[in-house]
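Asker: Let me give you the structure first, and then I'll get to my questions.
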Amino acid sequence: MSKSILIRPLLVLLAVIIVFVLVLMLIFGAFGGGDDSAGSAAGGDSVQPEAPEPSGEPSEGNVKAADLEVGDCISDANSQVGDVRAFDAVDCDEPHDGEVYTLIRLEGGPDAKPPSEAFINGKGQRGCRARLRRQLTAKAFRDPQLGFKFVYPTPESWADGDRHITCVATFKKPRTTKLAQRSQEQ
């Protein structure tokens, strides 16, 4: 048997794989730009909040989705799907299944049109995953109990000035500790 006969099918297979990968990159890259790259954390879900009303300091109890801040812990992250208006905020020493770990700023001045839902979903998926990977220790990032979801502005809340995607780490089992984050000195 000739080496040429064996190499030809392998080259064809390699070409098919390369084309497939390029098509996937085009499909998933077409939902908007951004400077965040994808990592390998658990899958994320997007949740669309209702229009926010600015409030004072975050506190325990019912907190509007748009008022969540980095470090806030919530006890109903896994039960919230669809058009989420508020979360049940709790102290991070109490059992919780979600923790806000970052906000992604969306560009746009006061008169800017809101980005498309496809753009926001793409940016939220890639950005929240990448930032989760960068912020957590390697062990915490590999935790099979860890996932993420994100909350983003509606057209109504955009008109009121909401310009953030809020990334929430979710836990399959409630915990009473904060996320194990990397040292900021690295």
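Residue names in the structure tokens use chain letters A, B, ... in the order shown, residue numbers from 1 in each chain, and ligand numbers from 1 in the order shown.
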Using only C-alpha atoms, determine which residues lie at most 7 Å from Phe171 in chain A, disregarding the query and same-chain residues fewer than 6 positions distant; provide the list as an NGL selection string.

Answerer: :A and (97-98 or 145-147)

Asker: Go through A:Ala112, A:Ala65, A:Cys167, A:Cys73 and flag the residue nearest Phe87 in chain A, using only C-alpha atoms for the distances.

Answerer: A:Ala65

Asker: When you look at Asp91 in chain A with a cut-off of 10 Å (counting only C-alpha atoms), what residues show up, excluding the ones that are within fewer than 5 positions of it in the same chain? I need them as a ChimeraX atom specification.

Answerer: /A:59-61,71-75,96,176-177

Asker: Run DSSP on the backbone and tell me which residues of range 49-146 of chain A come out as alpha helix (DSSP H); list them as a VMD selection string.

Answerer: chain A and resid 117 to 135 138 to 141

Asker: Counting only C-alpha atoms, figure out which residue out of A:Glu94, A:Asp88, A:Asp111, A:Asp67 gets nearest to Pro153 in chain A.

Answerer: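 Between A:Glu94, A:Asp88, A:Asp111, A:Asp67, the residue approaching Pro153 in chain A most closely is A:Asp67.
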